[in-house]
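Enquirer: Dropping in final24.cif, which is mmCIF, C-alpha atoms and all ligand atoms:
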```cif
data_coords
loop_
_atom_site.label_atom_id
_atom_site.label_comp_id
_atom_site.auth_asym_id
_atom_site.auth_seq_id
_atom_site.Cartn_x
_atom_site.Cartn_y
_atom_site.Cartn_z
CA MET B 1300 -21.78 -33.26 78.78
CA GLN B 1301 -23.14 -35.98 76.51
CA PHE B 1302 -26.82 -36.87 76.17
CA ARG B 1303 -25.97 -40.56 76.05
CA ASP B 1304 -22.26 -41.21 76.56
CA LEU B 1305 -21.42 -44.23 74.43
CA GLN B 1306 -17.70 -43.42 74.43
CA LYS B 1307 -17.46 -43.63 78.18
CA GLN B 1308 -19.33 -46.91 78.13
CA TYR B 1309 -16.94 -48.27 75.49
CA ASN B 1310 -13.90 -47.19 77.51
CA THR B 1311 -15.29 -49.08 80.52
CA LEU B 1312 -15.86 -52.25 78.48
CA LYS B 1313 -12.90 -51.84 76.10
CA PRO B 1314 -10.78 -54.91 76.98
CA ASP B 1315 -13.75 -57.30 76.65
CA ILE B 1316 -15.19 -55.67 73.55
CA ASP B 1317 -11.85 -55.45 71.77
CA GLN B 1318 -11.21 -59.12 72.49
CA ALA B 1319 -14.68 -60.16 71.32
CA VAL B 1320 -14.30 -58.17 68.10
CA SER B 1321 -10.77 -59.53 67.44
CA GLN B 1322 -12.06 -63.06 67.81
CA VAL B 1323 -14.64 -62.50 65.11
CA LEU B 1324 -12.05 -60.87 62.84
CA ALA B 1325 -9.66 -63.80 63.37
CA SER B 1326 -12.35 -66.38 62.59
CA SER B 1327 -13.73 -64.26 59.72
CA ASN B 1328 -17.08 -65.93 60.30
CA PHE B 1329 -18.91 -62.66 59.71
CA ILE B 1330 -22.40 -63.97 59.01
CA SER B 1331 -24.21 -66.47 61.28
CA GLY B 1332 -21.15 -67.12 63.43
CA PRO B 1333 -21.51 -69.03 66.71
CA GLN B 1334 -21.83 -65.73 68.66
CA VAL B 1335 -25.22 -65.13 67.01
CA THR B 1336 -26.64 -68.43 68.30
CA GLN B 1337 -25.09 -67.86 71.72
CA LEU B 1338 -26.62 -64.39 71.91
CA GLU B 1339 -30.05 -65.72 70.92
CA GLU B 1340 -29.84 -68.34 73.68
CA GLU B 1341 -28.76 -65.79 76.28
CA LEU B 1342 -31.44 -63.30 75.27
CA ALA B 1343 -34.18 -65.94 75.41
CA ALA B 1344 -32.98 -67.08 78.85
CA TYR B 1345 -32.73 -63.50 80.16
CA THR B 1346 -36.16 -62.43 78.94
CA GLY B 1347 -37.80 -65.72 79.90
CA THR B 1348 -38.99 -66.52 76.38
CA LYS B 1349 -38.69 -69.80 74.48
CA HIS B 1350 -37.35 -68.37 71.24
CA CYS B 1351 -35.20 -65.39 70.29
CA ILE B 1352 -34.58 -64.67 66.62
CA THR B 1353 -32.10 -61.85 66.02
CA CYS B 1354 -32.38 -59.67 62.92
CA ALA B 1355 -30.96 -56.56 61.25
CA ASN B 1356 -32.82 -53.83 63.21
CA GLY B 1357 -35.84 -53.11 65.37
CA THR B 1358 -37.98 -51.99 62.44
CA ASP B 1359 -37.40 -55.28 60.59
CA ALA B 1360 -38.23 -57.10 63.83
CA LEU B 1361 -41.71 -55.51 63.78
CA THR B 1362 -42.11 -56.24 60.07
CA LEU B 1363 -41.10 -59.90 60.51
CA ALA B 1364 -43.71 -60.33 63.25
CA LEU B 1365 -46.43 -58.83 61.05
CA MET B 1366 -45.36 -61.07 58.13
CA VAL B 1367 -45.73 -64.16 60.33
CA TRP B 1368 -49.28 -63.11 61.25
CA ASP B 1369 -50.04 -62.32 57.60
CA ILE B 1370 -51.10 -58.77 58.40
CA GLY B 1371 -52.01 -56.72 55.33
CA PRO B 1372 -54.69 -54.73 53.53
CA GLY B 1373 -58.01 -54.60 55.36
CA ASP B 1374 -56.41 -55.16 58.78
CA ALA B 1375 -56.46 -52.61 61.58
CA VAL B 1376 -53.29 -52.38 63.67
CA PHE B 1377 -53.64 -50.24 66.80
CA VAL B 1378 -50.60 -48.08 67.53
CA PRO B 1379 -49.99 -45.46 70.23
CA ASP B 1380 -50.03 -41.93 68.82
CA PHE B 1381 -46.94 -41.04 70.84
CA THR B 1382 -44.01 -43.25 69.75
CA PHE B 1383 -41.15 -43.53 67.26
CA PHE B 1384 -42.30 -43.65 63.63
CA ALA B 1385 -41.32 -47.31 63.06
CA SER B 1386 -44.11 -48.61 65.35
CA ALA B 1387 -46.67 -47.34 62.82
CA GLU B 1388 -44.48 -47.55 59.72
CA ALA B 1389 -44.11 -51.35 59.89
CA PRO B 1390 -47.87 -52.11 59.75
CA ALA B 1391 -48.36 -49.44 57.06
CA LEU B 1392 -45.57 -50.99 54.97
CA GLN B 1393 -47.47 -54.30 55.08
CA GLY B 1394 -50.52 -52.50 53.70
CA ALA B 1395 -52.44 -52.58 56.99
CA ALA B 1396 -54.12 -49.49 58.44
CA PRO B 1397 -52.47 -48.09 61.55
CA VAL B 1398 -55.21 -46.88 63.90
CA PHE B 1399 -53.82 -44.33 66.34
CA VAL B 1400 -54.61 -44.62 70.03
CA ASP B 1401 -54.11 -42.05 72.76
CA VAL B 1402 -51.58 -42.50 75.59
CA GLU B 1403 -51.57 -42.07 79.36
CA GLU B 1404 -50.25 -38.68 80.36
CA ASP B 1405 -48.27 -40.00 83.32
CA THR B 1406 -46.52 -43.07 81.81
CA PHE B 1407 -46.55 -41.94 78.14
CA ASN B 1408 -47.70 -45.47 77.21
CA ILE B 1409 -50.80 -46.61 75.28
CA SER B 1410 -54.04 -45.98 77.16
CA PRO B 1411 -56.06 -49.21 77.59
CA ALA B 1412 -59.32 -47.19 77.73
CA SER B 1413 -58.48 -45.40 74.49
CA LEU B 1414 -57.49 -48.74 72.90
CA GLU B 1415 -60.87 -50.29 73.68
CA GLU B 1416 -62.68 -47.23 72.36
CA ALA B 1417 -60.69 -47.39 69.10
CA VAL B 1418 -61.37 -51.12 68.66
CA LEU B 1419 -65.10 -50.52 69.13
CA ARG B 1420 -65.07 -47.68 66.58
CA VAL B 1421 -63.31 -49.86 64.00
CA LYS B 1422 -65.80 -52.68 64.54
CA GLU B 1423 -68.73 -50.29 64.35
CA GLU B 1424 -67.47 -48.77 61.12
CA GLY B 1425 -67.02 -52.26 59.69
CA LYS B 1426 -64.37 -51.44 57.07
CA LEU B 1427 -61.32 -52.92 58.78
CA VAL B 1428 -60.72 -56.08 60.81
CA PRO B 1429 -59.09 -55.43 64.20
CA ARG B 1430 -56.04 -57.72 64.27
CA VAL B 1431 -53.06 -56.43 66.27
CA VAL B 1432 -52.15 -53.95 68.97
CA VAL B 1433 -48.57 -52.66 68.89
CA ALA B 1434 -47.90 -51.86 72.55
CA VAL B 1435 -44.76 -49.77 72.93
CA ASP B 1436 -42.62 -49.79 76.10
CA LEU B 1437 -41.86 -46.09 75.77
CA PHE B 1438 -38.72 -44.62 77.37
CA GLY B 1439 -38.02 -47.97 79.10
CA GLN B 1440 -41.22 -48.65 81.01
CA PRO B 1441 -43.38 -51.63 79.99
CA ALA B 1442 -46.87 -50.75 78.79
CA ASN B 1443 -49.83 -51.78 80.96
CA TYR B 1444 -49.90 -55.41 79.75
CA PRO B 1445 -52.32 -56.79 82.36
CA GLU B 1446 -55.00 -54.38 81.03
CA ILE B 1447 -53.96 -54.61 77.37
CA ARG B 1448 -54.14 -58.42 77.58
CA LYS B 1449 -57.74 -58.26 78.84
CA ILE B 1450 -58.81 -56.09 75.89
CA ALA B 1451 -56.84 -58.23 73.42
CA GLU B 1452 -58.60 -61.36 74.65
CA LYS B 1453 -62.00 -59.71 74.59
CA TYR B 1454 -61.67 -58.65 70.93
CA GLY B 1455 -59.35 -61.34 69.57
CA LEU B 1456 -56.33 -59.09 69.03
CA LEU B 1457 -52.71 -60.24 68.90
CA ILE B 1458 -50.26 -58.27 71.03
CA LEU B 1459 -47.03 -57.11 69.40
CA GLU B 1460 -44.78 -55.71 72.14
CA ASP B 1461 -42.45 -53.07 70.69
CA ALA B 1462 -39.72 -53.16 73.33
CA ALA B 1463 -37.17 -51.26 71.22
CA GLN B 1464 -36.76 -48.92 74.20
CA GLY B 1465 -37.94 -51.38 76.81
CA PHE B 1466 -35.21 -54.02 77.03
CA GLY B 1467 -34.33 -54.58 80.69
CA GLY B 1468 -37.68 -53.31 82.00
CA ARG B 1469 -40.12 -55.55 83.83
CA ILE B 1470 -43.46 -55.90 85.60
CA GLY B 1471 -42.92 -57.79 88.83
CA ASP B 1472 -40.48 -60.55 87.85
CA LYS B 1473 -41.64 -60.76 84.25
CA LYS B 1474 -39.28 -59.13 81.80
CA ALA B 1475 -39.87 -56.89 78.81
CA CYS B 1476 -39.80 -58.82 75.50
CA SER B 1477 -42.00 -61.51 77.08
CA PHE B 1478 -45.32 -59.61 77.20
CA GLY B 1479 -46.37 -59.84 73.55
CA ASP B 1480 -47.61 -62.83 71.61
CA ILE B 1481 -44.55 -61.73 69.69
CA SER B 1482 -42.18 -59.09 71.12
CA THR B 1483 -39.41 -57.14 69.44
CA THR B 1484 -36.45 -55.02 70.41
CA SER B 1485 -33.80 -52.85 68.77
CA PHE B 1486 -30.04 -52.77 69.35
CA PHE B 1487 -29.58 -49.30 67.82
CA PRO B 1488 -26.57 -47.87 69.72
CA ALA B 1489 -28.56 -45.48 71.94
CA LYS B 1490 -31.16 -48.04 73.11
CA PRO B 1491 -30.90 -49.64 76.57
CA LEU B 1492 -29.04 -52.59 75.00
CA GLY B 1493 -27.23 -51.14 72.00
CA CYS B 1494 -24.70 -52.62 69.58
CA TYR B 1495 -22.18 -50.81 67.36
CA GLY B 1496 -24.41 -50.43 64.33
CA ASP B 1497 -27.91 -51.67 63.60
CA GLY B 1498 -29.46 -54.76 65.16
CA GLY B 1499 -32.73 -56.15 66.47
CA ALA B 1500 -34.47 -59.24 67.80
CA VAL B 1501 -37.85 -60.96 67.89
CA PHE B 1502 -39.11 -63.05 70.83
CA THR B 1503 -41.94 -65.55 71.11
CA ASP B 1504 -43.00 -68.69 72.97
CA ASN B 1505 -44.77 -70.00 69.87
CA GLU B 1506 -42.76 -72.73 68.12
CA GLU B 1507 -44.50 -72.40 64.77
CA TRP B 1508 -44.07 -68.62 64.63
CA ALA B 1509 -40.41 -68.98 65.65
CA GLY B 1510 -39.86 -71.32 62.69
CA LEU B 1511 -41.54 -68.85 60.33
CA LEU B 1512 -39.49 -65.95 61.73
CA ARG B 1513 -36.26 -67.89 61.07
CA SER B 1514 -37.41 -68.56 57.53
CA TYR B 1515 -38.63 -65.02 56.69
CA ARG B 1516 -35.40 -63.59 58.12
CA VAL B 1517 -33.30 -65.38 55.49
CA HIS B 1518 -35.14 -65.11 52.15
CA GLY B 1519 -37.97 -67.44 53.16
CA LYS B 1520 -35.59 -70.38 53.37
CA GLY B 1521 -36.88 -73.94 53.69
CA ALA B 1522 -35.16 -77.04 55.04
CA ASP B 1523 -33.06 -77.20 51.87
CA LYS B 1524 -30.83 -74.14 51.60
CA TYR B 1525 -31.50 -73.77 47.88
CA ASP B 1526 -35.24 -74.27 47.99
CA ASN B 1527 -36.89 -71.10 49.23
CA VAL B 1528 -40.41 -71.84 50.31
CA ARG B 1529 -41.79 -68.32 50.81
CA ILE B 1530 -40.94 -64.70 49.97
CA GLY B 1531 -38.87 -63.32 52.82
CA VAL B 1532 -36.25 -60.66 53.45
CA ASN B 1533 -32.54 -60.50 54.24
CA SER B 1534 -32.43 -59.39 57.85
CA ARG B 1535 -29.65 -61.09 59.78
CA LEU B 1536 -27.75 -59.74 62.77
CA ASP B 1537 -24.07 -59.98 61.87
CA THR B 1538 -21.52 -61.80 64.01
CA LEU B 1539 -19.57 -58.66 65.00
CA GLN B 1540 -22.71 -57.10 66.47
CA ALA B 1541 -23.59 -60.31 68.31
CA ALA B 1542 -20.09 -60.43 69.83
CA VAL B 1543 -20.40 -56.83 71.04
CA LEU B 1544 -23.88 -57.51 72.41
CA LEU B 1545 -22.72 -60.52 74.44
CA VAL B 1546 -20.34 -58.22 76.33
CA LYS B 1547 -22.89 -55.42 76.67
CA LEU B 1548 -25.66 -57.75 77.84
CA ARG B 1549 -23.45 -58.83 80.73
CA ALA B 1550 -22.80 -55.20 81.73
CA LEU B 1551 -26.50 -54.37 81.50
CA ARG B 1552 -27.43 -57.28 83.76
CA GLU B 1553 -24.61 -56.82 86.25
CA TYR B 1554 -24.75 -53.08 86.91
CA GLU B 1555 -26.09 -50.82 84.17
CA LEU B 1556 -29.77 -51.25 85.03
CA ASP B 1557 -29.03 -50.47 88.68
CA ARG B 1558 -27.10 -47.39 87.66
CA VAL B 1559 -29.76 -45.87 85.43
CA ASN B 1560 -32.39 -46.51 88.09
CA LEU B 1561 -30.21 -44.78 90.67
CA ALA B 1562 -29.70 -41.89 88.25
CA ALA B 1563 -33.46 -41.61 87.67
CA CYS B 1564 -34.04 -41.45 91.44
CA ARG B 1565 -31.45 -38.69 91.73
CA TYR B 1566 -33.15 -36.54 89.09
CA THR B 1567 -36.57 -37.10 90.62
CA GLU B 1568 -35.34 -36.23 94.11
CA GLY B 1569 -33.53 -33.20 92.70
CA PHE B 1570 -36.82 -31.81 91.41
CA GLU B 1571 -38.80 -32.46 94.57
CA GLY B 1572 -40.83 -29.40 95.52
CA TRP B 1573 -40.84 -28.12 91.90
CA GLY B 1574 -43.97 -30.00 90.88
CA ASP B 1575 -45.78 -26.81 89.86
CA TYR B 1576 -43.31 -26.31 87.01
CA ILE B 1577 -41.83 -29.67 86.19
CA LYS B 1578 -43.51 -33.07 86.29
CA THR B 1579 -41.05 -35.94 86.73
CA PRO B 1580 -41.71 -39.35 85.09
CA VAL B 1581 -44.01 -41.81 86.84
CA VAL B 1582 -43.19 -45.51 87.06
CA LYS B 1583 -46.28 -47.55 87.93
CA ASP B 1584 -46.35 -49.62 91.12
CA GLY B 1585 -44.66 -52.97 90.51
CA PHE B 1586 -43.16 -51.75 87.21
CA TYR B 1587 -39.42 -51.32 86.60
CA SER B 1588 -37.98 -49.10 83.85
CA SER B 1589 -34.72 -49.46 81.92
CA TRP B 1590 -34.73 -45.66 81.43
CA ALA B 1591 -34.12 -45.42 77.72
CA GLN B 1592 -35.06 -41.78 78.37
CA TYR B 1593 -35.66 -39.63 81.42
CA SER B 1594 -38.42 -37.34 80.14
CA VAL B 1595 -40.10 -34.61 82.15
CA LEU B 1596 -43.11 -32.42 81.36
CA LEU B 1597 -42.92 -28.65 81.53
CA ARG B 1598 -45.94 -26.44 82.10
CA ASP B 1599 -46.31 -25.40 78.46
CA GLU B 1600 -44.49 -25.29 75.14
CA GLU B 1601 -43.01 -21.84 75.68
CA MET B 1602 -41.41 -22.88 78.95
CA ARG B 1603 -40.17 -26.17 77.46
CA ASP B 1604 -38.55 -24.48 74.45
CA GLY B 1605 -37.12 -21.74 76.65
CA LEU B 1606 -35.60 -24.28 79.03
CA GLN B 1607 -34.09 -26.30 76.19
CA ALA B 1608 -32.44 -23.18 74.71
CA PHE B 1609 -31.19 -22.12 78.15
CA LEU B 1610 -29.66 -25.54 78.88
CA LYS B 1611 -28.03 -25.63 75.45
CA GLU B 1612 -26.24 -22.38 76.27
CA LYS B 1613 -24.98 -24.00 79.45
CA GLY B 1614 -23.62 -26.98 77.50
CA ILE B 1615 -26.37 -29.38 78.62
CA PRO B 1616 -27.86 -31.41 75.76
CA THR B 1617 -31.57 -32.31 75.84
CA MET B 1618 -33.92 -33.94 73.33
CA ILE B 1619 -37.60 -33.70 72.47
CA TYR B 1620 -39.08 -37.18 72.13
CA TYR B 1621 -41.38 -36.63 70.28
CA PRO B 1622 -42.19 -33.27 68.74
CA LYS B 1623 -44.95 -34.64 66.47
CA THR B 1624 -47.54 -37.37 67.01
CA MET B 1625 -47.95 -40.29 64.60
CA SER B 1626 -51.34 -39.12 63.34
CA ARG B 1627 -49.79 -35.77 62.35
CA GLN B 1628 -46.89 -37.28 60.41
CA THR B 1629 -46.89 -36.17 56.78
CA ALA B 1630 -46.68 -39.79 55.60
CA PHE B 1631 -50.02 -40.60 57.25
CA LYS B 1632 -51.82 -37.52 55.99
CA GLY B 1633 -55.23 -38.36 54.58
CA THR B 1634 -55.09 -42.05 55.43
CA GLY B 1635 -57.93 -41.58 57.90
CA CYS B 1636 -56.59 -43.66 60.77
CA VAL B 1637 -57.77 -41.36 63.57
CA MET B 1638 -60.86 -42.79 65.26
CA THR B 1639 -60.69 -41.32 68.76
CA ASP B 1640 -59.55 -38.33 70.74
CA LEU B 1641 -55.73 -38.07 70.79
CA SER B 1642 -55.39 -34.98 72.95
CA ALA B 1643 -53.04 -36.43 75.59
CA ALA B 1644 -50.49 -37.37 72.92
CA GLN B 1645 -50.77 -33.90 71.31
CA ASP B 1646 -50.25 -32.26 74.65
CA LEU B 1647 -47.14 -34.35 75.48
CA CYS B 1648 -45.47 -33.27 72.23
CA ARG B 1649 -45.66 -29.66 73.36
CA ARG B 1650 -44.36 -30.18 76.90
CA VAL B 1651 -41.95 -33.13 76.95
CA LEU B 1652 -38.18 -32.80 77.38
CA ALA B 1653 -35.56 -35.54 77.90
CA PHE B 1654 -32.47 -34.94 80.05
CA PRO B 1655 -29.07 -36.68 79.70
CA MET B 1656 -29.43 -40.28 80.89
CA HIS B 1657 -27.12 -43.30 80.56
CA PRO B 1658 -25.29 -45.79 82.83
CA CYS B 1659 -22.12 -43.66 83.01
CA ILE B 1660 -23.73 -40.35 84.04
CA THR B 1661 -22.21 -38.95 87.23
CA GLU B 1662 -23.85 -37.45 90.28
CA LYS B 1663 -21.98 -34.24 89.50
CA GLU B 1664 -23.35 -34.04 85.96
CA GLN B 1665 -26.86 -34.65 87.22
CA GLY B 1666 -26.43 -32.00 89.90
CA GLN B 1667 -25.44 -29.55 87.19
CA VAL B 1668 -28.59 -30.39 85.18
CA THR B 1669 -30.96 -30.00 88.13
CA GLU B 1670 -29.32 -26.75 89.31
CA GLU B 1671 -29.47 -25.13 85.88
CA VAL B 1672 -33.08 -26.23 85.39
CA LYS B 1673 -34.04 -24.69 88.72
CA ALA B 1674 -32.11 -21.51 87.92
CA PHE B 1675 -34.17 -21.18 84.75
CA LEU B 1676 -37.48 -21.94 86.45
CA LYS B 1677 -36.75 -19.54 89.32
CA ASN B 1678 -36.29 -16.67 86.89
CA ARG B 1679 -38.91 -17.43 84.31
CA GLY B 1680 -41.25 -19.91 85.84
CA LYS B 1681 -43.19 -17.62 88.09
C1 LIG S 1701 -35.83 -47.34 67.81
C2 LIG S 1701 -37.22 -47.79 67.74
C3 LIG S 1701 -37.67 -48.67 66.73
C4 LIG S 1701 -36.85 -49.05 65.54
O1 LIG S 1701 -35.63 -49.65 65.81
P1 LIG S 1701 -34.46 -49.60 64.71
O2 LIG S 1701 -33.48 -50.61 65.21
O3 LIG S 1701 -33.91 -48.21 64.67
O4 LIG S 1701 -35.04 -50.01 63.40
C5 LIG S 1701 -38.98 -49.11 66.79
N1 LIG S 1701 -39.81 -48.73 67.76
C6 LIG S 1701 -39.42 -47.87 68.74
C7 LIG S 1701 -40.39 -47.49 69.81
C8 LIG S 1701 -38.11 -47.37 68.75
O5 LIG S 1701 -37.75 -46.51 69.71
#
```
Would you kindly transcribe this structure into structure tokens?
Ligand SMILES: *Cc1c(COP(=O)(O)O)cnc(C)c1O

Expert:
Amino acid sequence: MQFRDLQKQYNTLKPDIDQAVSQVLASSNFISGPQVTQLEEELAAYTGTKHCITCANGTDALTLALMVWDIGPGDAVFVPDFTFFASAEAPALQGAAPVFVDVEEDTFNISPASLEEAVLRVKEEGKLVPRVVVAVDLFGQPANYPEIRKIAEKYGLLILEDAAQGFGGRIGDKKACSFGDISTTSFFPAKPLGCYGDGGAVFTDNEEWAGLLRSYRVHGKGADKYDNVRIGVNSRLDTLQAAVLLVKLRALREYELDRVNLAACRYTEGFEGWGDYIKTPVVKDGFYSSWAQYSVLLRDEEMRDGLQAFLKEKGIPTMIYYPKTMSRQTAFKGTGCVMTDLSAAQDLCRRVLAFPMHPCITEKEQGQVTEEVKAFLKNRGK
């Protein structure tokens, strides 16, 4: 069994992908080919945003957004303590101070209450200027944007939606990648919309920022190709990746999102009645997840580690996202960015476990996972 079966997905899409790739090879228009523009138009239309600017990866997408807002030394950027490193790395790379914020135990996403507390602490201390909140759509579920927006407006913060794992999710009819003042995503192969290498995108409704993003993405280019008007980076999405993504976007829209949601329901139903030992993921009312991960909580670390070892023996792969919070990362040691209690994030690291999840997972495979989990819990859980 595979944790995320990209081969099976490729075999399903093979005729279309092979044709799309051959077309690029035949045209040899490897950089900035027409597929890149087409993809940007389709992504903007799908997410309901005015502008989509593709780039080389999801980390660059965050960096580009922070460059546009001129975030740097002296600025506080609020980041959930429970996320992938890049969410905090990008602001730190710009010289800003990441301020870690606790998460909600049930959705794993940034806690609005903890965010407000951290903003107040930063203001009270008076050393940093609160500028941005990086809200992460962890494991596929959008963060609580209605609440985050209220706090952002109250304290004058910009919202940077890190939807690297959130593409395809929504709140009501509003799609992920449209919740931030600027939003970003990643096309790393294992993300909900993955390409065959690295890729990313930035989304915004703001015309001026979109223009700056297009400039920063290609060496700070100006109107004249050989007059560069600002210091930028080289962060393009290449044509081959765009061609692959056009095919995969169609599959995601037509059936993949339905399939992962069905698979999530199956797992959750499979664990019904086992709530004393295993807590299944919660999707808020009116929210829709793209299930980048299906992560459960075990009672404690010993049980989690025991279960993971047991499943490994049975040929069932699992992952721990994440074993270490941001504030405990070696790179952030001594930078003093902890202002508030982060105990929910710490606790999740000890108890979280992700099961195999992808659009091609079968009912039989899922049955095997739930049966083996229960076999373990029956013996050692009580
Ligand atoms: C994967 C990921 C990123 C970084 O994306 P890359 O394309 O790998 O650079 C950023 N934030 C989160 C939450 C991610 O999961």

Enquirer: Enumerate residues in contact with ligand LIG 1701 (chain S): an atom-to-atom distance of at most 8 Å, counting all atoms listed in the file. Format the result as a compact mmCIF listing (two decimals) with C-alpha atoms, in the frame of the given file.

Expert:
```
# COMPACT_ATOMS: atom_id res chain seq x y z
CA ALA B 1355 -30.96 -56.56 61.25
CA ASN B 1356 -32.82 -53.83 63.21
CA GLY B 1357 -35.84 -53.11 65.37
CA THR B 1358 -37.98 -51.99 62.44
CA ASP B 1359 -37.40 -55.28 60.59
CA ALA B 1360 -38.23 -57.10 63.83
CA LEU B 1361 -41.71 -55.51 63.78
CA THR B 1382 -44.01 -43.25 69.75
CA PHE B 1383 -41.15 -43.53 67.26
CA PHE B 1384 -42.30 -43.65 63.63
CA ALA B 1385 -41.32 -47.31 63.06
CA SER B 1386 -44.11 -48.61 65.35
CA VAL B 1435 -44.76 -49.77 72.93
CA ASP B 1436 -42.62 -49.79 76.10
CA LEU B 1437 -41.86 -46.09 75.77
CA PHE B 1438 -38.72 -44.62 77.37
CA ASP B 1461 -42.45 -53.07 70.69
CA ALA B 1462 -39.72 -53.16 73.33
CA ALA B 1463 -37.17 -51.26 71.22
CA GLN B 1464 -36.76 -48.92 74.20
CA THR B 1484 -36.45 -55.02 70.41
CA SER B 1485 -33.80 -52.85 68.77
CA PHE B 1486 -30.04 -52.77 69.35
CA PHE B 1487 -29.58 -49.30 67.82
CA LYS B 1490 -31.16 -48.04 73.11
CA ASP B 1497 -27.91 -51.67 63.60
CA GLY B 1498 -29.46 -54.76 65.16
CA GLY B 1499 -32.73 -56.15 66.47
```

Enquirer: For a cut-off of 6 Å around (-32.1, -35.4, 87.1), file coordinates, pick out all residues using all atoms listed in the file and list them as a VMD selection string.

Expert: chain B and resid 1565 to 1567 1665 1669

Enquirer: Tell me, in Å to one decimal, how far CA of Gln1645 (chain B) is from CA of Glu1404 (chain B).

Expert: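 Atom-to-atom, CA of Gln1645 (chain B) and CA of Glu1404 (chain B) are spaced 10.2 Å apart.
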
Enquirer: Residues within 6 Å of region 1595-1606 of chain B, please, as a PyMOL selection string. Count only C-alpha atoms; anything in the same chain fewer than 4 positions from it doesn't count.

Expert: chain B and resi 1576-1580+1649-1652

Enquirer: Counting only C-alpha atoms, what is within 9 Å of Val1335 (chain B), bar same-chain residues fewer than 5 positions away, as a list in words?

Expert: Ile1330, Glu1340, Thr1353, Leu1536, Asp1537, Thr1538, Leu1539, Gln1540, Ala1541 and Ala1542 of chain B

Enquirer: From the options B:Leu1512, B:Ala1389, B:Ala1562, B:Val1402, which residue's atoms come nearest to Lys1663 (chain B), counting only C-alpha atoms?

Expert: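 Checking each of B:Leu1512, B:Ala1389, B:Ala1562, B:Val1402 against Lys1663 (chain B), counting only C-alpha atoms, the winner is B:Ala1562.
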
Enquirer: Neighbours of Leu1312 (chain B) within 9 Å (all atoms listed in the file; same-chain residues fewer than 5 positions away dropped), as a PyMOL selection string?

Expert: chain B and resi 1307+1317+1546-1547+1550

Enquirer: Calculate how many Å separate CA of Asp1480 (chain B) from CA of Phe1502 (chain B), rounding to one decimal.

Expert: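 Computing the Euclidean distance for CA of Asp1480 (chain B) and CA of Phe1502 (chain B) yields 8.5 Å.
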
Enquirer: Between B:Ile1615, B:Ala1396, B:Leu1414, B:Val1320, which one has atoms that come closest to Asp1640 (chain B), using all atoms listed in the file?

Expert: B:Leu1414

Enquirer: Could you tell me which of B:Val1421, B:Val1433, B:Val1517, B:Ala1387 comes closest to Arg1627 (chain B) if we count only C-alpha atoms?

Expert: B:Ala1387
